[in-house]
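Next comes query32.txt, a file with compact mmCIF, C-alpha atoms.
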```
# COMPACT_ATOMS: atom_id res chain seq x y z
CA MET A 1 29.03 -14.63 17.22
CA ASP A 2 28.97 -14.99 13.46
CA LEU A 3 26.84 -18.08 13.82
CA LEU A 4 24.33 -16.20 15.97
CA ILE A 5 24.10 -13.36 13.45
CA ASP A 6 23.65 -15.86 10.63
CA ILE A 7 20.86 -17.65 12.49
CA LEU A 8 19.08 -14.35 13.19
CA THR A 9 19.50 -13.31 9.56
CA TRP A 10 18.06 -16.55 8.27
CA ALA A 11 15.15 -16.28 10.69
CA SER A 12 14.42 -12.74 9.50
CA PHE A 13 14.68 -13.69 5.84
CA ILE A 14 12.51 -16.79 6.12
CA SER A 15 9.80 -15.08 8.16
CA GLY A 16 9.92 -11.98 5.95
CA SER A 17 9.58 -14.09 2.81
CA PHE A 18 6.70 -15.92 4.47
CA PHE A 19 4.90 -12.64 5.19
CA LEU A 20 5.56 -11.43 1.62
CA PHE A 21 4.07 -14.63 0.24
CA ILE A 22 1.05 -14.45 2.56
CA GLY A 23 0.43 -10.82 1.64
CA SER A 24 0.64 -11.35 -2.10
CA LEU A 25 -1.52 -14.48 -1.81
CA GLY A 26 -4.08 -12.38 0.02
CA MET A 27 -3.95 -9.75 -2.71
CA ILE A 28 -5.01 -12.45 -5.15
CA ARG A 29 -7.41 -14.50 -3.06
CA LEU A 30 -9.37 -11.93 -1.06
CA ARG A 31 -12.58 -10.84 -2.73
CA ASP A 32 -13.10 -7.24 -1.68
CA PHE A 33 -11.03 -4.10 -2.00
CA TRP A 34 -11.43 -3.45 1.70
CA ALA A 35 -10.19 -6.96 2.48
CA ARG A 36 -7.23 -6.54 0.15
CA LEU A 37 -6.12 -3.50 2.15
CA HIS A 38 -5.22 -5.87 4.97
CA ALA A 39 -3.08 -8.01 2.69
CA ALA A 40 -1.27 -4.94 1.37
CA SER A 41 -0.53 -3.73 4.90
CA VAL A 42 1.03 -7.10 5.75
CA ILE A 43 3.57 -6.58 2.97
CA ASP A 44 4.06 -2.92 3.87
CA SER A 45 4.90 -3.54 7.53
CA ALA A 46 5.99 -7.11 8.27
CA GLY A 47 7.70 -7.97 4.99
CA ILE A 48 9.59 -4.68 4.80
CA GLY A 49 10.65 -4.70 8.43
CA LEU A 50 11.87 -8.29 8.60
CA LEU A 51 13.69 -8.34 5.26
CA PHE A 52 15.52 -5.07 5.87
CA LEU A 53 16.30 -6.20 9.42
CA GLY A 54 18.00 -9.27 7.98
CA MET A 55 19.98 -7.11 5.55
CA MET A 56 21.04 -4.81 8.40
CA LEU A 57 22.24 -7.76 10.47
CA GLN A 58 24.24 -9.16 7.58
CA THR A 59 26.06 -5.98 6.53
CA GLY A 60 27.29 -5.06 9.99
CA LEU A 61 27.50 -1.61 11.52
CA SER A 62 28.43 0.91 8.84
CA LEU A 63 26.88 3.61 6.66
CA ILE A 64 24.74 0.94 5.00
CA THR A 65 22.93 0.46 8.30
CA VAL A 66 22.01 4.15 8.37
CA LYS A 67 20.71 3.97 4.80
CA THR A 68 18.68 0.86 5.59
CA LEU A 69 17.22 2.53 8.67
CA LEU A 70 16.30 5.53 6.54
CA ILE A 71 14.55 3.30 4.00
CA ILE A 72 12.65 1.50 6.78
CA GLY A 73 11.62 4.81 8.30
CA PHE A 74 10.39 6.27 5.02
CA LEU A 75 8.52 3.10 4.06
CA LEU A 76 6.89 2.82 7.47
CA ILE A 77 5.69 6.42 7.18
CA THR A 78 4.63 6.50 3.53
CA GLY A 79 3.10 3.02 3.34
CA PRO A 80 0.19 3.56 5.74
CA THR A 81 -0.23 7.11 4.40
CA ALA A 82 -0.63 5.85 0.84
CA SER A 83 -2.98 3.09 2.02
CA HIS A 84 -5.07 5.67 3.85
CA ALA A 85 -5.17 7.87 0.74
CA VAL A 86 -6.33 4.98 -1.44
CA ALA A 87 -8.95 3.92 1.11
CA ASN A 88 -10.18 7.49 1.50
CA ALA A 89 -10.50 7.91 -2.26
CA ALA A 90 -12.37 4.62 -2.57
CA PHE A 91 -14.69 5.52 0.33
CA SER A 92 -15.54 8.95 -1.05
CA SER A 93 -16.20 7.42 -4.47
CA GLY A 94 -19.07 5.44 -2.94
CA SER A 95 -17.50 2.04 -2.43
CA ARG A 96 -18.46 0.32 0.80
CA PRO A 97 -17.37 -2.94 2.41
CA ARG A 98 -19.69 -5.85 2.00
CA ASP A 99 -21.98 -6.71 4.92
CA LEU A 100 -21.55 -3.23 6.34
CA VAL A 101 -23.90 -2.52 9.24
CA GLU A 102 -24.88 1.12 8.96
CA ASP A 103 -25.25 3.23 12.06
CA ALA A 104 -28.70 4.81 12.17
CA SER A 105 -27.62 7.55 14.60
CA SER A 106 -24.76 8.67 12.40
CA THR A 107 -25.04 12.10 10.84
CA LYS A 108 -22.72 11.31 7.96
CA PRO A 109 -24.39 10.81 4.58
CA THR A 110 -24.60 7.12 3.82
CA ALA A 111 -24.06 5.57 0.43
CA LYS A 112 -26.70 3.64 -1.37
CA LYS A 113 -27.08 0.02 -0.42
CA ARG A 114 -25.17 -2.37 -2.59
CA THR A 115 -26.73 -5.65 -3.44
CA PRO A 116 -24.78 -8.40 -1.70
CA ARG A 117 -23.35 -11.14 -3.82
CA ARG A 118 -24.01 -13.88 -1.30
CA ALA A 119 -27.04 -14.38 0.89
CA LYS A 120 -26.93 -12.26 3.99
CA LYS A 121 -27.63 -13.71 7.37
CA PRO A 122 -30.91 -12.37 8.74
CA ALA A 123 -29.31 -11.57 12.12
CA THR A 124 -27.15 -8.81 10.63
CA LYS A 125 -30.17 -7.14 9.06
CA LYS A 126 -31.98 -6.88 12.38
CA ASN A 127 -28.97 -5.22 13.95
CA GLY A 128 -29.21 -2.35 11.53
CA ASN A 129 -32.59 -1.26 12.91
CA ALA A 130 -31.60 -1.24 16.55
CA MET B 131 22.19 -15.96 1.53
CA PHE B 132 20.46 -13.12 -0.28
CA VAL B 133 19.14 -15.48 -2.94
CA LEU B 134 16.15 -16.53 -0.86
CA PRO B 135 14.66 -13.04 -0.31
CA THR B 136 15.38 -12.12 -3.93
CA ILE B 137 13.41 -15.10 -5.21
CA ALA B 138 10.63 -14.51 -2.66
CA ILE B 139 10.32 -10.86 -3.69
CA ALA B 140 10.24 -11.79 -7.38
CA VAL B 141 7.47 -14.33 -6.76
CA CYS B 142 5.58 -11.75 -4.70
CA MET B 143 5.85 -9.18 -7.50
CA ALA B 144 4.62 -11.71 -10.07
CA MET B 145 1.60 -12.44 -7.91
CA LEU B 146 0.94 -8.73 -7.44
CA LEU B 147 0.99 -8.24 -11.22
CA PHE B 148 -2.07 -10.46 -11.44
CA ARG B 149 -4.05 -8.13 -9.19
CA LEU B 150 -2.61 -5.13 -11.01
CA PHE B 151 -4.02 -6.30 -14.34
CA ALA B 152 -7.18 -8.04 -13.12
CA GLY B 153 -8.31 -5.56 -10.47
CA PRO B 154 -11.99 -4.83 -10.95
CA THR B 155 -11.80 -1.21 -9.78
CA LEU B 156 -9.28 1.58 -10.10
CA TYR B 157 -8.48 1.48 -6.39
CA ASP B 158 -7.49 -2.17 -6.52
CA ARG B 159 -4.98 -1.29 -9.19
CA VAL B 160 -3.60 1.70 -7.27
CA LEU B 161 -3.24 -0.41 -4.13
CA ALA B 162 -1.47 -3.18 -6.06
CA LEU B 163 0.76 -0.59 -7.73
CA ASN B 164 1.76 0.90 -4.38
CA THR B 165 2.59 -2.53 -2.97
CA PHE B 166 4.44 -3.40 -6.16
CA GLY B 167 6.62 -0.31 -5.73
CA THR B 168 7.31 -1.29 -2.14
CA CYS B 169 8.42 -4.72 -3.34
CA THR B 170 10.60 -3.01 -5.93
CA VAL B 171 12.40 -1.13 -3.15
CA LEU B 172 13.01 -4.44 -1.40
CA LEU B 173 14.21 -6.04 -4.63
CA ILE B 174 16.70 -3.25 -5.36
CA GLY B 175 18.13 -3.55 -1.86
CA ALA B 176 18.32 -7.35 -1.97
CA VAL B 177 19.92 -7.42 -5.42
CA GLY B 178 22.40 -4.76 -4.37
CA LEU B 179 23.51 -6.86 -1.42
CA LEU B 180 23.42 -10.05 -3.50
CA PHE B 181 25.93 -8.69 -6.00
CA GLU B 182 27.89 -6.90 -3.23
CA ARG B 183 27.09 -3.44 -4.45
CA PRO B 184 25.57 -1.64 -1.44
CA GLU B 185 25.31 1.59 -3.42
CA PHE B 186 22.00 0.23 -4.72
CA LEU B 187 20.48 1.18 -1.37
CA ASP B 188 20.66 4.85 -2.42
CA ILE B 189 18.55 4.01 -5.45
CA ALA B 190 16.15 2.08 -3.21
CA LEU B 191 15.83 5.09 -0.91
CA LEU B 192 15.06 7.34 -3.88
CA TYR B 193 12.54 4.85 -5.25
CA ALA B 194 10.71 4.71 -1.92
CA LEU B 195 10.10 8.46 -2.08
CA ILE B 196 9.16 8.51 -5.78
CA ASN B 197 6.74 5.64 -5.25
CA PHE B 198 4.77 7.51 -2.58
CA VAL B 199 4.57 10.68 -4.65
CA GLY B 200 3.46 8.67 -7.68
CA THR B 201 0.64 7.00 -5.77
CA ILE B 202 -0.65 10.32 -4.48
CA ALA B 203 -0.36 11.83 -7.98
CA VAL B 204 -2.39 9.00 -9.55
CA LEU B 205 -5.10 9.38 -6.90
CA LYS B 206 -5.21 13.15 -7.37
CA PHE B 207 -5.38 12.84 -11.13
CA PHE B 208 -8.33 10.45 -11.03
CA ARG B 209 -10.20 12.70 -8.61
CA TYR B 210 -9.70 16.04 -10.38
CA ARG B 211 -8.80 14.73 -13.85
CA ARG B 212 -5.81 17.08 -14.01
CA LEU B 213 -2.59 17.65 -12.14
CA GLY B 214 -1.73 21.27 -12.89
CA ASP B 215 -2.13 24.10 -10.44
CA SER B 216 -3.02 27.02 -12.68
CA SER B 217 -5.59 29.55 -11.52
CA GLU B 218 -8.45 28.25 -13.62
CA ASP B 219 -7.92 24.81 -12.14
CA ALA B 220 -8.29 26.27 -8.66
CA ASP B 221 -11.47 28.01 -9.82
CA MET B 222 -12.84 24.75 -11.10
CA ILE B 223 -12.14 23.00 -7.85
CA MET B 224 -13.52 25.82 -5.68
CA SER B 225 -16.64 26.46 -7.77
CA PRO B 226 -19.94 25.63 -6.09
CA ALA B 227 -21.09 23.54 -9.05
CA ASN B 228 -18.42 21.03 -8.22
CA ASN B 229 -18.97 21.11 -4.47
CA ASN B 230 -20.16 17.55 -4.11
CA ALA B 231 -17.07 16.26 -5.87
CA SER B 232 -14.73 18.11 -3.55
CA ASP B 233 -16.77 17.42 -0.44
CA ASN B 234 -14.41 14.91 1.12
CA ALA B 235 -11.31 16.18 -0.63
CA GLY B 236 -8.16 16.76 1.30
CA GLU B 237 -6.33 20.02 1.56
CA SER B 238 -4.19 19.17 -1.45
CA GLY B 239 -6.92 20.30 -3.82
CA ARG B 240 -7.79 23.50 -2.00
CA ASN B 241 -4.29 24.82 -1.64
CA THR B 242 -3.66 24.91 -5.36
```
Output the file's structure in the form of structure tokens.
Amino acid sequence: MDLLIDILTWASFISGSFFLFIGSLGMIRLRDFWARLHAASVIDSAGIGLLFLGMMLQTGLSLITVKTLLIIGFLLITGPTASHAVANAAFSSGSRPRDLVEDASSTKPTAKKRTPRRAKKPATKKNGNA
Amino acid sequence: MFVLPTIAIAVCMAMLLFRLFAGPTLYDRVLALNTFGTCTVLLIGAVGLLFERPEFLDIALLYALINFVGTIAVLKFFRYRRLGDSSEDADMIMSPANNNASDNAGESGRNT
């Protein structure tokens, strides 16, 4: 039984560390703020969940488990909320994702077009007029 | 056993510091700061279990709450350029001259 718990703990730790590394690598490598939101959400959900799951398995059933569950619950609630607040602030400040196809029938005010850094494909431009 | 996640979290925080200092916009920095605080919560918990002091989880729980409030406070400060809730601040936010700035604002600004 101890061996099974150890194996599960190691699996959680290794996969959680992998997701942490992938998320922080994405925070460095991705080029856009809107792309980096995805990398941050990987850390906020997968890394947190798996690492704290491993800690819960290792400490056994006690008051520590309740505290760990509380931390997981708070982080799973506040992480996406903070990400949404940051994204909402960036959107209302005029930042837009690159290669955004604007909806012509939308009644929302659209931001000014940003000049793309790389050459756009002509197919995406024609879609904007349809 | 807890050495592996501790080292992984430390490496992750070091990589996040790069984005925190090199972020081209304010929102990149706020996003990196929020993720950095989340990694700090993980690090406190992992170090507490590594040195067999599970009381550190209380500190981690407190840090998780403070981190969220801090992120929201930074965002609110850079939108309204102040954090107080005096009456003249509410007048400034509700005045029609500043309507376009508070167009998409949440209820946090209007309730002050």
With chain B as the partner and 8 Å as the cut-off, tabulate the residues of chain A that qualify, each row holding the nearest pair of atoms and their distance in Å to one decimal, using all atoms listed in the file, sorted by chain and rising number, as a tab-separated table.
```
residue	atom	partner	partner_atom	distance
A:Trp10	CA	B:Met131	CA	7.9
A:Phe13	CA	B:Pro135	CA	6.2
A:Ile14	CA	B:Pro135	CA	7.7
A:Gly16	CA	B:Pro135	CA	7.9
A:Ser17	CA	B:Ala138	CA	5.6
A:Leu20	CA	B:Cys142	CA	6.3
A:Phe21	CA	B:Cys142	CA	5.9
A:Ser24	CA	B:Cys142	CA	5.6
A:Leu25	CA	B:Met145	CA	7.1
A:Met27	CA	B:Arg149	CA	6.7
A:Ile28	CA	B:Arg149	CA	6.0
A:Phe33	CA	B:Asp158	CA	6.1
A:Arg36	CA	B:Asp158	CA	8.0
A:Leu37	CA	B:Leu161	CA	7.6
A:Ala40	CA	B:Thr165	CA	6.3
A:Ile43	CA	B:Thr165	CA	7.3
A:Asp44	CA	B:Thr165	CA	7.0
A:Ile48	CA	B:Leu172	CA	7.1
A:Leu51	CA	B:Pro135	CA	7.4
A:Phe52	CA	B:Leu172	CA	7.7
A:Met55	CA	B:Ala176	CA	7.7
A:Ile64	CA	B:Pro184	CA	7.0
A:Lys67	CA	B:Leu187	CA	6.8
A:Thr68	CA	B:Leu187	CA	7.2
A:Leu70	CA	B:Leu191	CA	7.5
A:Ile71	CA	B:Leu191	CA	5.4
A:Phe74	CA	B:Ala194	CA	7.1
A:Leu75	CA	B:Ala194	CA	6.6
A:Thr78	CA	B:Phe198	CA	6.2
A:Gly79	CA	B:Phe198	CA	7.6
A:Ala82	CA	B:Phe198	CA	6.6
A:Ser83	CA	B:Leu161	CA	7.1
A:Ala85	CA	B:Ile202	CA	7.3
A:Val86	CA	B:Tyr157	CA	6.4
A:Ala87	CA	B:Tyr157	CA	7.9
A:Ala89	CA	B:Leu205	CA	7.3
A:Ala90	CA	B:Tyr157	CA	6.3
A:Ser92	CA	B:Asn234	CA	6.4
```
Item checked: Two-atom distance - CA of Phe91 in chain A, CA of Thr170 in chain B (Å) -> 27.4 Å
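Picture a line from CA of Gly49 in chain A to CA of Pro97 in chain A; it runs 28.7 Å.
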Could you give me the axis-aligned bounding box of range 194-207 of chain B, with 3 Å of padding per side, as centre plus edge lengths in Å to one decimal, as JSON?
```
{"center_x": 2.7, "center_y": 8.9, "center_z": -6.5, "size_x": 22.1, "size_y": 14.4, "size_z": 15.2}
```
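Minimum atom-to-atom distances from B:Ala140, B:Leu173, B:Leu163, B:Leu180 to Gln58 in chain A were compared using only C-alpha atoms, and the lowest value belongs to B:Leu180.
In this comparison, which uses only C-alpha atoms, the residue of A:Ser45, A:Ser12, A:Leu50, A:Gly23 approaching Pro80 in chain A most closely is A:Ser45.
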Next item on the list: Measure the distance from CA of Val66 in chain A to CA of Leu53 in chain A in Å and round it to one decimal.
Entry: 11.9 Å
Could I see range 58-88 of chain A restored to N, CA and C atoms, set down as an mmCIF file, in the frame of the given file?
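Printed below is out_6.cif as written:
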```
data_model
loop_
_atom_site.group_PDB
_atom_site.id
_atom_site.type_symbol
_atom_site.label_atom_id
_atom_site.label_comp_id
_atom_site.auth_asym_id
_atom_site.auth_seq_id
_atom_site.Cartn_x
_atom_site.Cartn_y
_atom_site.Cartn_z
ATOM 1 N N GLN A 58 23.210 -8.514 8.374
ATOM 2 C CA GLN A 58 24.240 -9.160 7.580
ATOM 3 C C GLN A 58 25.358 -8.197 7.197
ATOM 4 N N THR A 59 25.029 -6.906 6.998
ATOM 5 C CA THR A 59 26.060 -5.980 6.530
ATOM 6 C C THR A 59 26.888 -5.397 7.652
ATOM 7 N N GLY A 60 26.493 -5.603 8.896
ATOM 8 C CA GLY A 60 27.290 -5.060 9.990
ATOM 9 C C GLY A 60 27.012 -3.580 10.203
ATOM 10 N N LEU A 61 27.747 -2.996 11.128
ATOM 11 C CA LEU A 61 27.500 -1.610 11.520
ATOM 12 C C LEU A 61 28.352 -0.687 10.637
ATOM 13 N N SER A 62 27.700 -0.006 9.713
ATOM 14 C CA SER A 62 28.430 0.910 8.840
ATOM 15 C C SER A 62 27.422 1.930 8.316
ATOM 16 N N LEU A 63 27.793 2.627 7.245
ATOM 17 C CA LEU A 63 26.880 3.610 6.660
ATOM 18 C C LEU A 63 25.679 2.941 6.012
ATOM 19 N N ILE A 64 25.849 1.676 5.612
ATOM 20 C CA ILE A 64 24.740 0.940 5.000
ATOM 21 C C ILE A 64 23.595 0.772 6.003
ATOM 22 N N THR A 65 23.963 0.605 7.273
ATOM 23 C CA THR A 65 22.930 0.460 8.300
ATOM 24 C C THR A 65 22.082 1.724 8.401
ATOM 25 N N VAL A 66 22.749 2.885 8.298
ATOM 26 C CA VAL A 66 22.010 4.150 8.370
ATOM 27 C C VAL A 66 21.064 4.277 7.183
ATOM 28 N N LYS A 67 21.563 3.900 5.983
ATOM 29 C CA LYS A 67 20.710 3.970 4.800
ATOM 30 C C LYS A 67 19.518 3.033 4.922
ATOM 31 N N THR A 68 19.771 1.820 5.426
ATOM 32 C CA THR A 68 18.680 0.860 5.590
ATOM 33 C C THR A 68 17.658 1.360 6.599
ATOM 34 N N LEU A 69 18.147 1.971 7.681
ATOM 35 C CA LEU A 69 17.220 2.530 8.670
ATOM 36 C C LEU A 69 16.396 3.648 8.058
ATOM 37 N N LEU A 70 17.037 4.459 7.197
ATOM 38 C CA LEU A 70 16.300 5.530 6.540
ATOM 39 C C LEU A 70 15.209 4.964 5.637
ATOM 40 N N ILE A 71 15.546 3.911 4.888
ATOM 41 C CA ILE A 71 14.550 3.300 4.000
ATOM 42 C C ILE A 71 13.384 2.739 4.813
ATOM 43 N N ILE A 72 13.709 2.052 5.929
ATOM 44 C CA ILE A 72 12.650 1.500 6.780
ATOM 45 C C ILE A 72 11.760 2.613 7.314
ATOM 46 N N GLY A 73 12.394 3.691 7.758
ATOM 47 C CA GLY A 73 11.620 4.810 8.300
ATOM 48 C C GLY A 73 10.703 5.425 7.262
ATOM 49 N N PHE A 74 11.228 5.676 6.062
ATOM 50 C CA PHE A 74 10.390 6.270 5.020
ATOM 51 C C PHE A 74 9.252 5.345 4.632
ATOM 52 N N LEU A 75 9.566 4.043 4.489
ATOM 53 C CA LEU A 75 8.520 3.100 4.060
ATOM 54 C C LEU A 75 7.468 2.940 5.143
ATOM 55 N N LEU A 76 7.885 2.968 6.409
ATOM 56 C CA LEU A 76 6.890 2.820 7.470
ATOM 57 C C LEU A 76 6.026 4.067 7.606
ATOM 58 N N ILE A 77 6.524 5.221 7.148
ATOM 59 C CA ILE A 77 5.690 6.420 7.180
ATOM 60 C C ILE A 77 4.802 6.488 5.951
ATOM 61 N N THR A 78 5.394 6.286 4.766
ATOM 62 C CA THR A 78 4.630 6.500 3.530
ATOM 63 C C THR A 78 3.689 5.350 3.204
ATOM 64 N N GLY A 79 3.970 4.129 3.664
ATOM 65 C CA GLY A 79 3.100 3.020 3.340
ATOM 66 C C GLY A 79 1.685 3.151 3.903
ATOM 67 N N PRO A 80 1.537 3.340 5.211
ATOM 68 C CA PRO A 80 0.190 3.560 5.740
ATOM 69 C C PRO A 80 -0.450 4.844 5.230
ATOM 70 N N THR A 81 0.358 5.875 4.939
ATOM 71 C CA THR A 81 -0.230 7.110 4.400
ATOM 72 C C THR A 81 -0.831 6.868 3.027
ATOM 73 N N ALA A 82 -0.102 6.145 2.172
ATOM 74 C CA ALA A 82 -0.630 5.850 0.840
ATOM 75 C C ALA A 82 -1.848 4.936 0.935
ATOM 76 N N SER A 83 -1.814 3.966 1.853
ATOM 77 C CA SER A 83 -2.980 3.090 2.020
ATOM 78 C C SER A 83 -4.189 3.879 2.479
ATOM 79 N N HIS A 84 -3.962 4.837 3.384
ATOM 80 C CA HIS A 84 -5.070 5.670 3.850
ATOM 81 C C HIS A 84 -5.606 6.538 2.713
ATOM 82 N N ALA A 85 -4.710 7.043 1.852
ATOM 83 C CA ALA A 85 -5.170 7.870 0.740
ATOM 84 C C ALA A 85 -6.007 7.055 -0.235
ATOM 85 N N VAL A 86 -5.567 5.839 -0.526
ATOM 86 C CA VAL A 86 -6.330 4.980 -1.440
ATOM 87 C C VAL A 86 -7.677 4.627 -0.831
ATOM 88 N N ALA A 87 -7.688 4.283 0.459
ATOM 89 C CA ALA A 87 -8.950 3.920 1.110
ATOM 90 C C ALA A 87 -9.893 5.106 1.185
ATOM 91 N N ASN A 88 -9.332 6.302 1.429
ATOM 92 C CA ASN A 88 -10.180 7.490 1.500
ATOM 93 C C ASN A 88 -10.789 7.814 0.139
#
```
